[in-house]
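J.: What follows is work_29.txt, compact mmCIF, C-alpha atoms.
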# COMPACT_ATOMS: atom_id res chain seq x y z
CA MET A 1 61.76 91.36 101.00
CA GLU A 2 63.03 94.68 99.69
CA LYS A 3 65.96 94.76 97.29
CA ILE A 4 68.38 97.68 97.18
CA GLU A 5 69.52 98.25 93.62
CA LEU A 6 73.30 98.22 93.31
CA ARG A 7 73.52 99.64 89.81
CA LYS A 8 72.61 103.20 90.69
CA ALA A 9 74.48 106.51 90.73
CA ARG A 10 74.39 107.93 94.25
CA ASP A 11 75.48 111.08 96.03
CA PHE A 12 77.57 111.03 99.21
CA GLY A 13 74.71 110.77 101.67
CA THR A 14 72.81 108.16 99.67
CA LEU A 15 75.93 105.98 99.47
CA PHE A 16 76.08 105.79 103.26
CA ASN A 17 72.36 105.31 103.72
CA ASP A 18 71.99 102.57 101.08
CA SER A 19 75.10 100.73 102.28
CA VAL A 20 73.78 100.66 105.83
CA ALA A 21 70.31 99.71 104.58
CA PHE A 22 71.78 96.79 102.62
CA LEU A 23 73.57 95.48 105.71
CA ARG A 24 70.40 95.89 107.79
CA LEU A 25 68.07 94.16 105.32
CA ASN A 26 70.48 91.32 104.52
CA PHE A 27 72.12 91.00 107.93
CA LYS A 28 71.14 87.40 108.63
CA SER A 29 71.77 86.16 105.09
CA PHE A 30 74.99 88.10 104.48
CA PHE A 31 76.83 87.62 107.78
CA GLY A 32 75.31 84.18 108.33
CA THR A 33 76.71 82.96 105.01
CA LEU A 34 80.16 84.34 105.83
CA LEU A 35 80.10 82.80 109.29
CA PHE A 36 79.01 79.39 108.00
CA LEU A 37 81.41 79.16 105.04
CA SER A 38 84.50 81.02 106.25
CA GLY A 39 83.97 81.07 110.02
CA PRO A 40 85.72 77.73 110.74
CA PHE A 41 88.82 78.83 108.81
CA ILE A 42 88.85 82.20 110.58
CA ILE A 43 88.52 80.66 114.04
CA LEU A 44 91.31 78.17 113.30
CA THR A 45 93.54 80.99 112.03
CA GLY A 46 92.84 83.05 115.13
CA LEU A 47 93.63 80.14 117.44
CA LEU A 48 96.91 79.44 115.67
CA MET A 49 97.84 83.13 115.75
CA GLY A 50 97.08 83.28 119.46
CA TYR A 51 99.17 80.18 120.08
CA LEU A 52 102.17 81.60 118.19
CA GLN A 53 101.85 84.94 119.98
CA PHE A 54 101.64 83.17 123.34
CA ILE A 55 104.77 81.08 122.67
CA ALA A 56 106.73 84.11 121.44
CA GLU A 57 105.64 86.12 124.49
CA LYS A 58 106.61 83.35 126.85
CA ILE A 59 110.04 82.87 125.24
CA THR A 60 110.70 86.63 125.31
CA GLU A 61 109.75 86.84 128.98
CA SER A 62 111.93 83.84 129.84
CA ASN A 63 114.89 85.41 128.02
CA MET A 64 114.45 88.73 129.83
CA LEU A 65 114.43 87.00 133.21
CA SER A 66 117.35 84.66 132.51
CA GLY A 67 119.39 86.74 130.07
CA ASN A 68 119.68 83.68 127.82
CA PHE A 69 118.52 84.37 124.28
CA ARG A 70 119.38 80.96 122.84
CA ASN A 71 115.82 79.80 123.50
CA THR A 72 114.60 82.21 120.85
CA ASN A 73 116.71 80.53 118.16
CA LEU A 74 115.50 77.13 119.31
CA PHE A 75 111.91 78.32 119.12
CA LEU A 76 112.33 79.76 115.64
CA GLY A 77 114.03 76.60 114.44
CA SER A 78 111.38 74.27 115.84
CA SER A 79 108.35 76.37 114.82
CA VAL A 80 108.95 76.56 111.07
CA SER A 81 106.32 73.92 110.37
CA THR A 82 103.80 75.60 112.71
CA THR A 83 104.41 78.98 111.11
CA LEU A 84 104.11 77.49 107.61
CA ILE A 85 100.79 75.86 108.55
CA PHE A 86 99.56 79.17 109.93
CA VAL A 87 100.54 81.04 106.74
CA LEU A 88 98.78 78.48 104.53
CA ILE A 89 95.62 78.52 106.66
CA PHE A 90 95.65 82.32 106.81
CA LEU A 91 95.95 82.44 103.01
CA LEU A 92 93.07 79.99 102.62
CA THR A 93 91.01 81.96 105.14
CA THR A 94 91.59 85.20 103.27
CA LEU A 95 90.67 83.63 99.93
CA VAL A 96 87.50 82.00 101.26
CA SER A 97 86.25 85.09 103.08
CA ASN A 98 86.96 87.45 100.16
CA ALA A 99 85.42 85.02 97.68
CA CYS A 100 82.27 84.64 99.81
CA ILE A 101 81.80 88.41 99.99
CA ALA A 102 82.40 88.91 96.26
CA LEU A 103 80.09 86.05 95.28
CA TYR A 104 77.33 87.34 97.56
CA PHE A 105 77.31 90.76 95.91
CA THR A 106 77.59 89.20 92.45
CA LEU A 107 74.58 86.96 93.02
CA TYR A 108 72.66 89.72 94.77
CA ASP A 109 73.15 92.02 91.79
CA LYS A 110 71.69 89.42 89.41
CA ALA A 111 68.94 88.12 91.72
CA LYS A 112 65.29 88.96 91.30
CA LEU A 113 63.21 90.03 94.27
CA GLU A 114 61.66 86.58 94.70
CA GLU A 115 65.13 84.99 94.77
CA LEU A 116 66.14 86.90 97.91
CA PRO A 117 67.64 86.34 100.38
CA ILE A 118 70.72 84.77 98.81
CA GLN A 119 71.14 81.16 99.90
CA ARG A 120 74.56 79.97 101.00
CA GLY A 121 74.17 76.85 98.86
CA ASN A 122 74.30 79.04 95.75
CA ILE A 123 77.58 80.51 96.97
CA SER A 124 79.19 77.28 98.17
CA GLN A 125 78.98 75.64 94.74
CA LEU A 126 80.92 78.56 93.20
CA LEU A 127 83.37 78.99 96.07
CA ALA A 128 86.21 76.71 94.92
CA ALA A 129 86.47 78.31 91.47
CA ALA A 130 86.30 81.80 92.98
CA CYS A 131 89.06 81.00 95.49
CA TRP A 132 91.30 79.69 92.72
CA ARG A 133 90.69 82.83 90.67
CA LEU A 134 91.58 85.04 93.61
CA PHE A 135 94.66 82.93 94.36
CA TYR A 136 96.43 83.32 91.03
CA ASN A 137 95.41 86.97 90.84
CA LEU A 138 96.89 87.43 94.32
CA LEU A 139 100.17 85.95 93.08
CA LEU A 140 100.16 88.33 90.12
CA PHE A 141 99.38 91.27 92.39
CA SER A 142 102.19 90.26 94.77
CA ILE A 143 104.70 90.23 91.91
CA ILE A 144 103.57 93.66 90.72
CA LEU A 145 103.60 95.04 94.25
CA THR A 146 107.11 93.69 94.86
CA VAL A 147 108.45 95.33 91.71
CA VAL A 148 106.79 98.65 92.55
CA ALA A 149 108.03 98.51 96.15
CA LEU A 150 111.60 97.81 95.05
CA ALA A 151 111.43 100.70 92.61
CA PHE A 152 110.20 103.09 95.33
CA VAL A 153 112.85 101.87 97.76
CA GLY A 154 115.56 102.49 95.17
CA VAL A 155 114.29 105.97 94.32
CA PHE A 156 113.92 107.06 97.94
CA TYR A 157 117.30 105.58 98.84
CA LEU A 158 118.90 107.82 96.24
CA LEU A 159 116.86 110.84 97.34
CA PHE A 160 117.63 110.35 101.03
CA SER A 161 121.33 110.25 100.22
CA VAL A 162 121.10 113.89 99.07
CA PRO A 163 121.96 116.19 102.01
CA GLY A 164 119.17 118.44 103.21
CA LEU A 165 116.31 116.52 101.60
CA ASN A 166 115.54 114.16 104.50
CA ILE A 167 113.05 116.35 106.35
CA VAL A 168 111.33 117.46 103.14
CA LEU A 169 110.98 113.86 101.93
CA ILE A 170 109.64 112.63 105.27
CA PHE A 171 107.06 115.43 105.32
CA THR A 172 106.13 114.65 101.71
CA LEU A 173 105.73 110.94 102.48
CA VAL A 174 103.44 111.70 105.43
CA ILE A 175 101.23 113.99 103.33
CA ALA A 176 101.20 111.52 100.40
CA GLY A 177 100.28 108.66 102.74
CA PHE A 178 97.40 110.66 104.21
CA ILE A 179 96.09 111.52 100.73
CA PHE A 180 96.54 108.18 98.96
CA PHE A 181 95.89 105.68 101.76
CA PRO A 182 92.03 105.75 101.61
CA PRO A 183 91.90 105.42 97.78
CA LEU A 184 94.47 102.59 97.92
CA VAL A 185 92.36 100.77 100.51
CA TYR A 186 89.35 101.24 98.25
CA ILE A 187 91.13 99.97 95.12
CA ILE A 188 92.64 96.92 96.82
CA THR A 189 89.30 96.04 98.42
CA VAL A 190 87.06 96.49 95.41
CA THR A 191 89.37 94.77 92.91
CA ASN A 192 88.70 91.40 94.60
CA PHE A 193 85.02 91.91 93.85
CA ILE A 194 85.68 93.04 90.26
CA VAL A 195 87.91 90.01 89.60
CA ILE A 196 85.09 87.65 90.65
CA ARG A 197 82.22 89.58 89.05
CA ASP A 198 83.81 90.25 85.67
CA GLU A 199 86.16 87.22 85.65
CA ILE A 200 89.16 89.32 84.65
CA LEU A 201 92.77 89.63 85.79
CA ILE A 202 93.54 91.88 88.72
CA THR A 203 95.54 94.24 86.50
CA GLU A 204 92.45 94.96 84.43
CA ALA A 205 90.33 95.20 87.58
CA ILE A 206 92.69 97.80 89.06
CA GLY A 207 92.58 99.76 85.81
CA LYS A 208 88.78 99.68 85.83
CA ALA A 209 88.58 100.87 89.45
CA ILE A 210 91.05 103.70 88.81
CA GLY A 211 89.33 104.65 85.55
CA TYR A 212 85.93 105.01 87.21
CA MET A 213 87.48 106.95 90.11
CA ARG A 214 88.75 109.68 87.78
CA GLY A 215 86.81 112.84 88.50
CA ASN A 216 85.60 111.32 91.78
CA PHE A 217 88.90 111.12 93.66
CA TRP A 218 88.08 113.44 96.55
CA LYS A 219 84.55 112.11 96.89
CA THR A 220 86.01 108.60 97.13
CA TRP A 221 88.68 109.80 99.55
CA LEU A 222 86.13 111.38 101.89
CA PHE A 223 83.74 108.43 101.68
CA ILE A 224 86.39 105.79 102.41
CA PHE A 225 88.07 107.96 105.05
CA CYS A 226 84.80 108.33 106.96
CA THR A 227 84.18 104.58 106.58
CA LEU A 228 87.64 103.72 107.93
CA VAL A 229 87.22 106.07 110.89
CA SER A 230 83.87 104.47 111.73
CA LEU A 231 85.22 100.93 111.38
CA SER A 232 88.26 101.78 113.51
CA MET A 233 85.90 101.95 116.48
CA LEU A 234 84.76 98.39 115.80
CA TYR A 235 88.35 97.30 115.31
CA LEU A 236 89.29 98.76 118.68
CA LEU A 237 86.34 96.97 120.28
CA PHE A 238 87.41 93.56 118.98
CA SER A 239 91.09 94.22 119.70
CA LEU A 240 90.51 95.64 123.18
CA PRO A 241 91.00 92.32 125.04
CA SER A 242 94.33 91.72 123.29
CA VAL A 243 95.39 95.34 123.87
CA MET A 244 94.59 95.13 127.57
CA GLN A 245 96.45 91.85 127.72
CA GLY A 246 99.48 93.47 126.12
CA PHE A 247 99.44 96.29 128.69
CA ILE A 248 99.29 93.78 131.55
CA ASN A 249 102.20 91.82 130.08
CA GLY A 250 104.17 95.01 129.54
CA PHE A 251 103.80 96.11 133.16
CA THR A 252 104.66 92.70 134.61
CA LYS A 253 107.36 91.64 132.13
CA GLY A 254 110.82 91.36 133.57
CA VAL A 255 109.64 91.38 137.21
CA ARG A 256 110.92 88.31 138.99
CA GLY A 257 108.31 86.34 140.89
CA VAL A 258 105.43 88.00 139.05
CA ASN A 259 103.29 85.66 136.95
CA THR A 260 102.12 87.42 133.83
CA PHE A 261 98.71 87.13 132.29
CA ALA A 262 100.04 85.16 129.32
CA THR A 263 101.85 82.63 131.50
CA ASN A 264 98.82 81.63 133.58
CA HIS A 265 96.02 82.12 131.07
CA THR A 266 97.18 80.37 127.92
CA LEU A 267 93.68 79.44 126.77
CA THR A 268 92.35 82.95 127.35
CA TYR A 269 95.30 84.41 125.43
CA ILE A 270 94.46 82.20 122.43
CA ILE A 271 90.69 82.86 122.64
CA PHE A 272 91.25 86.63 122.63
CA SER A 273 93.22 86.31 119.40
CA ALA A 274 90.48 84.18 117.83
CA ILE A 275 87.80 86.73 118.80
CA SER A 276 89.88 89.56 117.32
CA MET A 277 90.40 87.64 114.07
CA LEU A 278 86.72 86.70 113.86
CA GLY A 279 85.64 90.30 114.35
CA ARG A 280 88.02 91.63 111.71
CA MET A 281 87.14 89.12 109.00
CA ILE A 282 83.45 88.45 109.71
CA ILE A 283 82.36 91.98 110.64
CA ILE A 284 84.87 94.68 109.67
CA SER A 285 86.10 93.36 106.32
CA PRO A 286 82.58 92.62 104.94
CA ILE A 287 81.31 96.05 106.00
CA LEU A 288 84.29 97.78 104.37
CA THR A 289 83.78 95.74 101.19
CA CYS A 290 80.07 96.60 101.18
CA PHE A 291 80.78 100.34 101.25
CA CYS A 292 83.46 99.96 98.55
CA VAL A 293 81.15 97.94 96.30
CA PHE A 294 78.36 100.51 96.58
CA ASN A 295 80.85 103.27 95.75
CA PHE A 296 82.15 101.31 92.76
CA TYR A 297 78.67 100.69 91.35
CA SER A 298 77.83 104.37 91.78
CA GLN A 299 80.94 105.42 89.86
CA GLU A 300 80.40 102.73 87.22
CA GLU A 301 76.84 103.84 86.58
CA SER A 302 77.85 107.51 86.44
CA HIS A 303 80.67 106.71 84.01
CA GLU A 304 78.66 104.41 81.74
CA GLY A 305 75.67 106.75 81.77
CA THR A 306 77.84 109.66 80.73
CA SER A 307 79.42 107.57 77.98
CA LEU A 308 75.98 106.59 76.68
CA ILE A 309 74.81 110.21 76.59
CA ASN A 310 77.96 111.23 74.74
CA ARG A 311 77.41 108.49 72.15
CA ILE A 312 73.80 109.61 71.64
CA ASP A 313 74.94 113.22 71.17
CA THR A 314 77.50 112.08 68.62
CA PHE A 315 74.86 110.21 66.61
CA ASP A 316 72.56 113.26 66.71
CA LYS A 317 75.29 115.53 65.35
CA ASN A 318 75.97 113.14 62.50
So that I can check it, write out the structure of this file as structure tokens.

T.:
Amino acid sequence: MEKIELRKARDFGTLFNDSVAFLRLNFKSFFGTLLFLSGPFIILTGLLMGYLQFIAEKITESNMLSGNFRNTNLFLGSSVSTTLIFVLIFLLTTLVSNACIALYFTLYDKAKLEELPIQRGNISQLLAAACWRLFYNLLLFSIILTVVALAFVGVFYLLFSVPGLNIVLIFTLVIAGFIFFPPLVYIITVTNFIVIRDEILITEAIGKAIGYMRGNFWKTWLFIFCTLVSLSMLYLLFSLPSVMQGFINGFTKGVRGVNTFATNHTLTYIIFSAISMLGRMIIISPILTCFCVFNFYSQEESHEGTSLINRIDTFDKN
């Protein structure tokens, strides 16, 4: 079995080709491991999400037909435990799936040719510790993100209160979002891998990702942007049943005597949500992480190689 070296500086075209080649050569091992270890959690999360969406849709439709919105309060009051269970399972699902992906690349990087393909047993024995590491780093990241978000809200609240600046600020936010969204997606995605590989806090992992991206910002932007555009097609494919279902409900909602799709096809409604969740977390998220990991290794090797050359030149001058 061929092994694609991760620790290698690559140009734009080689990054795409090697990322796709990695997924092709390790398709059964990579996606099979994710499906076996995190698939049950993902399916359960999707089913619960579909159930909650179905109940909310049914209550909304009933309220529109009857004009009585008290049922919504009753639903919210009685579904706290269900929602809490869903949040906990979704959190566990996210941790397990992200840990599986990070551990796979970590073991693949260290593995010799004869040790390939990576066996899921090697990942499962490290999974609990990796999930715990991601969990407390996620808490730390949430605290940092909350502080930063509050600071931005405060600043923009003051700026929007100045007459005449609204249009300029909105235009600036749109441009800034377009520029910084792909790099932010890259940093958030790759830091999970760095936390597991290097066993460091997420703050240090973010600093490492940003440090290696210096001088490669626009290359990273273009690479991740093209990746996101490509994956959006897959996302639309997995979400198409739910989207079509939403259109059907939208056209029939509020019409007396018309039975909507959600009312008569509860099981199908839930299954569509499970399929969408499975596609996002078993297919789309691993592919995005794969491209981000290859980009990170390329930048890391370029940065470390340059640092080594500079140190050699310094020794020669002395």

J.: Contacts of region 109-125 of chain A at 10 Å or less, counting only C-alpha atoms, minus same-chain residues fewer than 6 places along, as a list in words?

T.: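 Those residues are Met1, Glu2, Lys3, Ile4, Glu5, Leu6, Arg7, Leu25, Asn26, Phe27, Lys28, Ser29, Phe30, Gly32, Thr33, Leu34, Phe36, Leu37, Ala99, Cys100, Ile101, Ala102, Leu103 and Arg197 of chain A.
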
J.: Separation of CA of Thr220 (chain A) and CA of Phe156 (chain A), in Å?

T.: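 Here the two named atoms are 28.0 Å from each other.
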
J.: What's around Pro182 (chain A) at 12 Å? Count only C-alpha atoms, leave out sequence neighbours fewer than 5 positions away in its own chain, and write the answer as a PyMOL selection string.

T.: chain A and resi 176-177+187-189+217-229+288+292

J.: In terms of the shortest atom-to-atom distance over only C-alpha atoms, which of A:Ser285, A:Ala274, A:Tyr235, A:Val162 is closest to Thr94 (chain A)?

T.: A:Ser285

J.: Counting all atoms listed in the file, figure out which residue out of A:Phe178, A:Phe86, A:Phe141, A:Phe105 gets nearest to Phe291 (chain A).

T.: A:Phe105

J.: With all atoms listed in the file as the atoms that count, which of A:Ile196, A:Leu47, A:Ile270, A:Met281 lies nearest to Leu127 (chain A)?

T.: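 Counting all atoms listed in the file, the residue closest to Leu127 (chain A) is A:Ile196.
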
J.: Looking at only C-alpha atoms, which of A:Tyr51, A:Phe272, A:Tyr212, A:Phe171 is the one that sits closest to His303 (chain A)?

T.: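 Of A:Tyr51, A:Phe272, A:Tyr212, A:Phe171, the one nearest His303 (chain A) is A:Tyr212, counting only C-alpha atoms.
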
J.: Pick from A:Gly279, A:Thr289, A:Phe12, A:Val148: nearest to Leu35 (chain A), with only C-alpha atoms counted?

T.: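 For Leu35 (chain A), the nearest of the candidates is A:Gly279.
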
J.: Between CA of Leu92 (chain A) and CA of Thr191 (chain A), what distance in Å does the model show, to one decimal?

T.: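 Pair CA of Leu92 (chain A) / CA of Thr191 (chain A) returns 18.1 Å.
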
J.: Using Å and a single decimal, report how far CA of Tyr136 (chain A) sits from CA of Met277 (chain A).

T.: 24.2 Å

J.: Looking at A:Leu150, A:Val87, A:Val293, A:Leu240, which one is nearest to Gly46 (chain A), with distances taken over only C-alpha atoms?

T.: A:Val87

J.: Using all atoms listed in the file and a cutoff of 9 Å, can you tell me which residues are near (70.8, 104.1, 89.4) in the file's coordinates, and write them out as a list in words?

T.: Glu5, Leu6, Arg7, Lys8, Ala9, Arg10, Tyr297, Ser298, Glu301 and Ser302 of chain A

J.: Here's a test: counting only C-alpha atoms, identify every protein, DNA and RNA residue with an atom at most 12 Å from (95.6, 88.9, 92.0) in the file's coordinate frame, and state them as a count of residues only.

T.: 35
